[in-house]
>>> print(open('entry_8.tsv').read())   # TSV, C-alpha atoms
chain	number	residue	atom	x	y	z
A	27	MET	CA	96.04	96.57	85.86
A	28	ASN	CA	94.12	93.29	85.77
A	29	ALA	CA	94.03	90.63	88.47
A	30	LEU	CA	96.94	88.23	88.45
A	31	THR	CA	96.29	84.48	88.73
A	32	VAL	CA	99.06	82.27	90.07
A	33	ASN	CA	98.96	78.48	89.86
A	34	LEU	CA	100.82	77.25	92.94
A	35	LYS	CA	99.79	73.58	92.70
A	36	PRO	CA	102.91	72.33	90.91
A	37	VAL	CA	105.02	73.73	93.75
A	38	LEU	CA	102.81	73.79	96.82
A	39	GLU	CA	99.23	73.58	97.99
A	40	LEU	CA	98.20	76.15	100.58
A	41	THR	CA	96.11	74.88	103.45
A	42	ASP	CA	93.18	77.01	104.59
A	43	GLU	CA	95.26	78.16	107.58
A	44	GLN	CA	98.24	79.06	105.36
A	45	PHE	CA	96.00	81.00	102.99
A	46	PHE	CA	94.45	82.87	105.93
A	47	GLN	CA	97.91	83.71	107.30
A	48	LEU	CA	99.07	84.86	103.83
A	49	CYS	CA	96.13	87.26	103.69
A	50	GLN	CA	96.78	88.50	107.24
A	51	ALA	CA	100.48	89.10	106.51
A	52	ASN	CA	99.66	91.07	103.32
A	53	ARG	CA	96.73	93.26	104.34
A	54	ASP	CA	97.45	95.79	101.57
A	55	LEU	CA	96.72	93.13	98.94
A	56	ARG	CA	93.42	91.46	98.11
A	57	PHE	CA	93.64	87.72	97.55
A	58	GLU	CA	91.07	85.22	96.43
A	59	ARG	CA	91.54	81.53	95.75
A	60	THR	CA	89.68	79.48	93.17
A	61	ALA	CA	88.13	76.09	93.92
A	62	THR	CA	91.10	74.50	92.15
A	63	GLY	CA	93.62	76.33	94.35
A	64	GLU	CA	94.78	79.10	92.02
A	65	LEU	CA	95.75	82.27	93.88
A	66	ILE	CA	94.20	85.47	92.52
A	67	ILE	CA	95.93	88.74	93.40
A	68	MET	CA	93.64	91.70	92.80
A	69	PRO	CA	95.03	95.21	92.35
A	70	PRO	CA	93.67	98.16	94.29
A	71	THR	CA	90.85	100.02	92.58
A	72	GLY	CA	91.01	103.55	91.28
A	73	GLY	CA	89.38	106.49	93.01
A	74	GLU	CA	86.07	106.35	91.13
A	75	THR	CA	85.57	102.62	91.73
A	76	GLY	CA	86.65	102.97	95.37
A	77	ASN	CA	84.09	105.74	95.89
A	78	ARG	CA	81.30	103.77	94.21
A	79	ASN	CA	82.14	100.68	96.23
A	80	GLY	CA	82.17	102.73	99.44
A	81	ARG	CA	78.75	104.19	98.64
A	82	LEU	CA	77.42	100.74	97.81
A	83	ASN	CA	78.65	99.39	101.15
A	84	GLN	CA	77.23	102.42	102.95
A	85	GLN	CA	73.78	101.70	101.53
A	86	LEU	CA	73.98	97.97	102.33
A	87	PHE	CA	75.16	98.63	105.91
A	88	ASN	CA	72.43	101.25	106.45
A	89	TRP	CA	69.82	98.80	105.19
A	90	ALA	CA	71.22	95.95	107.32
A	91	ASP	CA	71.15	98.17	110.43
A	92	ALA	CA	67.55	99.21	109.78
A	93	ASP	CA	66.36	95.72	108.79
A	94	ASN	CA	68.23	93.91	111.60
A	95	THR	CA	67.80	90.46	110.04
A	96	GLY	CA	71.39	89.96	108.94
A	97	ILE	CA	75.01	91.03	108.89
A	98	ALA	CA	76.65	93.06	106.10
A	99	PHE	CA	80.29	92.78	104.99
A	100	ASP	CA	82.59	94.93	102.88
A	101	SER	CA	85.16	93.74	100.35
A	102	SER	CA	87.65	92.78	103.06
A	103	GLY	CA	85.36	90.01	104.34
A	104	GLY	CA	86.44	86.55	103.20
A	105	PHE	CA	84.19	83.55	102.61
A	106	LYS	CA	85.17	79.89	102.24
A	107	LEU	CA	82.60	78.65	99.74
A	108	PRO	CA	81.31	75.05	99.82
A	109	ASN	CA	83.25	74.29	96.60
A	110	GLY	CA	86.53	75.21	98.36
A	111	ALA	CA	87.03	78.64	96.80
A	112	ASP	CA	87.93	81.62	98.99
A	113	ARG	CA	86.12	84.74	97.79
A	114	SER	CA	85.69	88.36	98.90
A	115	PRO	CA	82.72	90.00	97.19
A	116	ASP	CA	82.64	93.79	96.97
A	117	ALA	CA	79.67	93.74	99.35
A	118	SER	CA	77.72	90.91	100.92
A	119	TRP	CA	75.12	90.00	103.53
A	120	ILE	CA	74.15	86.88	105.46
A	121	LYS	CA	71.07	86.09	107.53
A	122	LEU	CA	71.49	86.67	111.24
A	123	GLU	CA	70.66	83.05	112.11
A	124	ARG	CA	73.49	81.84	109.87
A	125	TRP	CA	75.90	84.26	111.58
A	126	ASN	CA	74.72	83.16	115.02
A	127	ALA	CA	75.20	79.49	114.08
A	128	LEU	CA	78.94	80.08	113.57
A	129	THR	CA	81.37	79.56	116.41
A	130	GLN	CA	83.32	82.53	117.76
A	131	GLU	CA	86.44	81.23	116.01
A	132	GLN	CA	84.59	80.86	112.69
A	133	GLN	CA	83.34	84.45	113.00
A	134	THR	CA	86.94	85.72	113.27
A	135	ARG	CA	88.22	83.88	110.18
A	136	PHE	CA	87.01	83.48	106.61
A	137	LEU	CA	83.38	82.54	107.07
A	138	PRO	CA	82.76	78.90	106.08
A	139	LEU	CA	79.71	79.63	103.94
A	140	CYS	CA	78.44	81.47	100.89
A	141	PRO	CA	76.73	84.80	101.54
A	142	ASP	CA	72.98	84.99	100.99
A	143	PHE	CA	73.47	88.22	99.00
A	144	VAL	CA	76.57	89.23	97.03
A	145	VAL	CA	77.47	92.32	95.03
A	146	GLU	CA	80.31	92.63	92.56
A	147	LEU	CA	81.01	96.09	91.15
A	148	LEU	CA	82.72	95.84	87.78
A	149	SER	CA	85.77	98.11	87.69
A	150	PRO	CA	87.31	99.27	84.40
A	151	THR	CA	90.03	96.60	84.65
A	152	ASP	CA	87.67	93.69	85.48
A	153	SER	CA	86.71	91.14	82.87
A	154	LEU	CA	82.93	90.96	82.44
A	155	ARG	CA	83.15	87.28	81.51
A	156	GLU	CA	85.24	86.35	84.55
A	157	THR	CA	83.02	88.37	86.89
A	158	GLN	CA	79.92	86.68	85.44
A	159	GLU	CA	81.59	83.31	86.12
A	160	LYS	CA	82.25	84.41	89.70
A	161	MET	CA	78.56	85.34	90.08
A	162	ARG	CA	77.58	81.88	88.80
A	163	GLU	CA	79.96	80.38	91.36
A	164	TYR	CA	78.23	82.30	94.15
A	165	ARG	CA	74.82	81.12	92.92
A	166	ASP	CA	76.00	77.52	92.58
A	167	ASN	CA	77.32	77.67	96.16
A	168	GLY	CA	74.10	78.95	97.73
A	169	ALA	CA	73.80	82.71	97.18
A	170	ARG	CA	70.13	83.59	97.02
A	171	LEU	CA	70.59	86.97	95.33
A	172	GLY	CA	73.49	88.54	93.49
A	173	TRP	CA	74.03	91.85	91.78
A	174	LEU	CA	76.71	92.34	89.17
A	175	ILE	CA	76.85	96.09	88.70
A	176	ASN	CA	78.32	97.29	85.44
A	177	ARG	CA	78.10	101.06	85.56
A	178	LYS	CA	78.49	101.23	81.80
>>> encode(input="entry_8.tsv", output="structure tokens")
Amino acid sequence: MNALTVNLKPVLELTDEQFFQLCQANRDLRFERTATGELIIMPPTGGETGNRNGRLNQQLFNWADADNTGIAFDSSGGFKLPNGADRSPDASWIKLERWNALTQEQQTRFLPLCPDFVVELLSPTDSLRETQEKMREYRDNGARLGWLINRK
């Protein structure tokens, strides 16, 4: 099953707070929002992709703990990019000084920044073209390093 994109603009425009509350009320679903306000509903991954993503996060978290210069996030971490999009990379990391510059409230919500490092793991149902566009969006919004992992 592929991601579903819903254009809400003709009917309503979700505020950042409404989008956050929608995500909180539907924790079993993964939502992203494009810079133009389209809502993207992403299906759960299969077992193989879930395992690979878990291992990827394990390695990133182990490295972040040993390096101690930043904070790692899994795919449930949301980021409000400078272009207005709300994204949740499969794995990500930000420098510690950027984390510490956020207020306590900002740290508990979708982080108002683009991660320094992002990873997207292509699952069998993902579109390579669309995922490459997402990686360009991360780069254009300040990501310093990004990995698009296509296991094929």
>>> residues_around(input="entry_8.tsv", residues="Pro108 in chain A", least_positions_apart="2", cutoff="12 Å", atoms="only C-alpha atoms", output="list in words")
Thr60, Ala61, Phe105, Lys106, Gly110, Ala111, Asp112, Arg113, Leu137, Pro138, Leu139, Cys140, Pro141, Glu163, Tyr164, Arg165, Asp166, Asn167, Gly168 and Ala169 of chain A
>>> closest_residue(input="entry_8.tsv", among="A:Arg135, A:Arg155, A:Arg81, A:Arg59", to="Asn109 in chain A", atoms="only C-alpha atoms")
A:Arg59
>>> atom_distance(input="entry_8.tsv", atom1="CA of Asn176 in chain A", atom2="CA of Ser149 in chain A")
7.8 Å
>>> closest_residue(input="entry_8.tsv", among="A:Asn28, A:Ser114, A:Gln84, A:Asn126", to="Met161 in chain A", atoms="all atoms listed in the file")
A:Ser114
>>> closest_residue(input="entry_8.tsv", among="A:Leu48, A:Ile120, A:Leu147, A:Val37", to="Asn83 in chain A", atoms="only C-alpha atoms")
A:Leu147
>>> residues_around(input="entry_8.tsv", residues="Asp54 in chain A", least_positions_apart="2", cutoff="12 Å", atoms="all atoms listed in the file", output="MDAnalysis selection string")
chainID A and resid 48:52 56:57 67:71 102
>>> axis_aligned_box(input="entry_8.tsv", around="range 93-108 of chain A", padding_each_side="3 Å", output="JSON")
{"center_x": 77.0, "center_y": 85.4, "center_z": 105.7, "size_x": 27.3, "size_y": 26.7, "size_z": 17.9}
>>> closest_residue(input="entry_8.tsv", among="A:Phe87, A:Arg78, A:Ile66, A:Gly72", to="Val32 in chain A", atoms="all atoms listed in the file")
A:Ile66
>>> atom_distance(input="entry_8.tsv", atom1="CA of Ser101 in chain A", atom2="CA of Arg170 in chain A")
18.4 Å
>>> residues_around(input="entry_8.tsv", residues="Leu174 in chain A", least_positions_apart="2", cutoff="10 Å", atoms="all atoms listed in the file", output="VMD selection string")
chain A and resid 116 144 to 148 154 157 to 158 160 to 161 172 176 to 177
>>> atom_distance(input="entry_8.tsv", atom1="CA of Lys35 in chain A", atom2="CA of Thr134 in chain A")
27.1 Å
>>> closest_residue(input="entry_8.tsv", among="A:Leu82, A:Asp91, A:Ala29, A:Lys178", to="Glu156 in chain A", atoms="all atoms listed in the file")
A:Ala29
